[in-house]
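For reference, the structure discussed in these notes is given below.
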Amino acid sequence: MKNKLSDLNNHLFAQLERLGEEDLTAEQIDAEAKRADAIVDISDQILRNADLHLKAATLIANHGERFHDKLPMIEAPR
(Lines give C-alpha, C1' and ligand atoms only; values in the text may rest on other atoms or scores of the structure.)
Protein backbone atom coordinates (compact mmCIF):
# COMPACT_ATOMS: atom_id res chain seq x y z
CA MET A 1 0.00 0.00 0.00
CA LYS A 2 1.38 3.37 -0.99
CA ASN A 3 -0.49 5.68 1.41
CA LYS A 4 -0.80 4.82 5.07
CA LEU A 5 -2.17 6.63 8.08
CA SER A 6 1.43 7.15 9.19
CA ASP A 7 1.98 9.09 5.93
CA LEU A 8 -1.01 11.26 6.78
CA ASN A 9 0.48 11.90 10.21
CA ASN A 10 3.76 12.96 8.58
CA HIS A 11 1.92 15.37 6.25
CA LEU A 12 0.05 16.92 9.16
CA PHE A 13 3.22 17.49 11.16
CA ALA A 14 5.00 18.90 8.09
CA GLN A 15 2.16 21.38 7.64
CA LEU A 16 2.34 22.31 11.32
CA GLU A 17 6.05 23.01 10.89
CA ARG A 18 5.36 25.21 7.84
CA LEU A 19 2.80 27.18 9.85
CA GLY A 20 5.38 27.65 12.62
CA GLU A 21 7.98 29.25 10.36
CA GLU A 22 8.79 32.60 11.96
CA ASP A 23 9.98 34.34 8.80
CA LEU A 24 6.72 34.00 6.86
CA THR A 25 5.04 37.12 5.57
CA ALA A 26 1.37 37.76 6.29
CA GLU A 27 0.53 36.63 2.74
CA GLN A 28 2.52 33.42 3.15
CA ILE A 29 0.84 32.73 6.50
CA ASP A 30 -2.56 33.22 4.86
CA ALA A 31 -1.63 30.86 2.02
CA GLU A 32 -0.34 28.22 4.46
CA ALA A 33 -3.46 28.57 6.62
CA LYS A 34 -5.66 27.96 3.57
CA ARG A 35 -3.51 25.00 2.63
CA ALA A 36 -3.77 23.68 6.20
CA ASP A 37 -7.57 23.97 6.08
CA ALA A 38 -7.63 21.91 2.87
CA ILE A 39 -5.31 19.30 4.38
CA VAL A 40 -7.48 19.06 7.50
CA ASP A 41 -10.65 18.62 5.41
CA ILE A 42 -9.09 15.80 3.41
CA SER A 43 -7.56 14.26 6.54
CA ASP A 44 -10.97 14.18 8.21
CA GLN A 45 -12.40 12.25 5.28
CA ILE A 46 -9.50 9.80 5.30
CA LEU A 47 -9.94 9.18 9.02
CA ARG A 48 -13.71 8.73 8.69
CA ASN A 49 -13.11 6.19 5.95
CA ALA A 50 -10.53 4.33 8.05
CA ASP A 51 -12.94 4.30 11.00
CA LEU A 52 -15.70 2.87 8.82
CA HIS A 53 -13.39 0.12 7.58
CA LEU A 54 -12.37 -0.67 11.15
CA LYS A 55 -16.02 -0.91 12.24
CA ALA A 56 -16.83 -3.23 9.34
CA ALA A 57 -13.80 -5.42 10.06
CA THR A 58 -14.78 -5.54 13.74
CA LEU A 59 -18.32 -6.57 12.82
CA ILE A 60 -17.01 -9.40 10.68
CA ALA A 61 -14.48 -10.43 13.32
CA ASN A 62 -17.10 -10.50 16.05
CA HIS A 63 -19.94 -12.06 14.08
CA GLY A 64 -18.23 -14.19 11.49
CA GLU A 65 -18.68 -14.21 7.78
CA ARG A 66 -22.48 -14.01 7.87
CA PHE A 67 -22.27 -10.23 7.34
CA HIS A 68 -19.53 -10.31 4.74
CA ASP A 69 -21.92 -10.65 1.77
CA LYS A 70 -23.77 -7.55 3.01
CA LEU A 71 -20.54 -5.55 2.99
CA PRO A 72 -19.26 -5.98 -0.57
CA MET A 73 -16.96 -2.97 -0.25
CA ILE A 74 -14.84 -4.87 2.26
CA GLU A 75 -12.23 -7.03 0.57
CA ALA A 76 -11.84 -10.60 1.65
CA PRO A 77 -8.68 -11.31 3.67
CA ARG A 78 -5.72 -12.36 1.57
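Letters A, B, ... mark the chains of the C-alpha coordinates in the order given; residue numbers begin at 1 per chain; ligand numbers begin at 1, in order shown.
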Residue neighbourhood stretch 41-49 of chain A, 10 Å, only C-alpha atoms, exclusion window fewer than 3 positions, as a PyMOL selection string: chain A and resi 5+8-9+11-12+35-38+52-55
Would you mind writing down, as a ChimeraX atom specification, each residue of chain A that DSSP on the backbone assigns to helix (DSSP H, G or I)? /A:5-19,26-70
Can you measure atom CA of A:Glu17 to atom CA of A:Ile39 for me? One decimal in Å is fine.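 Interatomic distance, atom CA of A:Glu17 to atom CA of A:Ile39: 13.6 Å.
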Between A:Leu24, A:Ile29, A:Ala50, A:Leu16, which residue has the minimum interatomic distance to A:Lys4, considering only C-alpha atoms? A:Ala50
Mind giving me the straight-line distance from atom CA of A:Glu21 to atom CA of A:Asp7 in Å, one decimal? 21.5 Å
Residues near A:Pro72, anyone? I mean within 12 Å using only C-alpha atoms, not counting same-chain ones fewer than 6 positions away, as a ChimeraX atom specification. /A:53,56-57,60,65
Report, in Å to a single decimal, how far apart atom CA of A:Glu32 and atom CA of A:Arg18 are.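 Atom-to-atom, atom CA of A:Arg18 to atom CA of A:Glu32, that is 7.3 Å.
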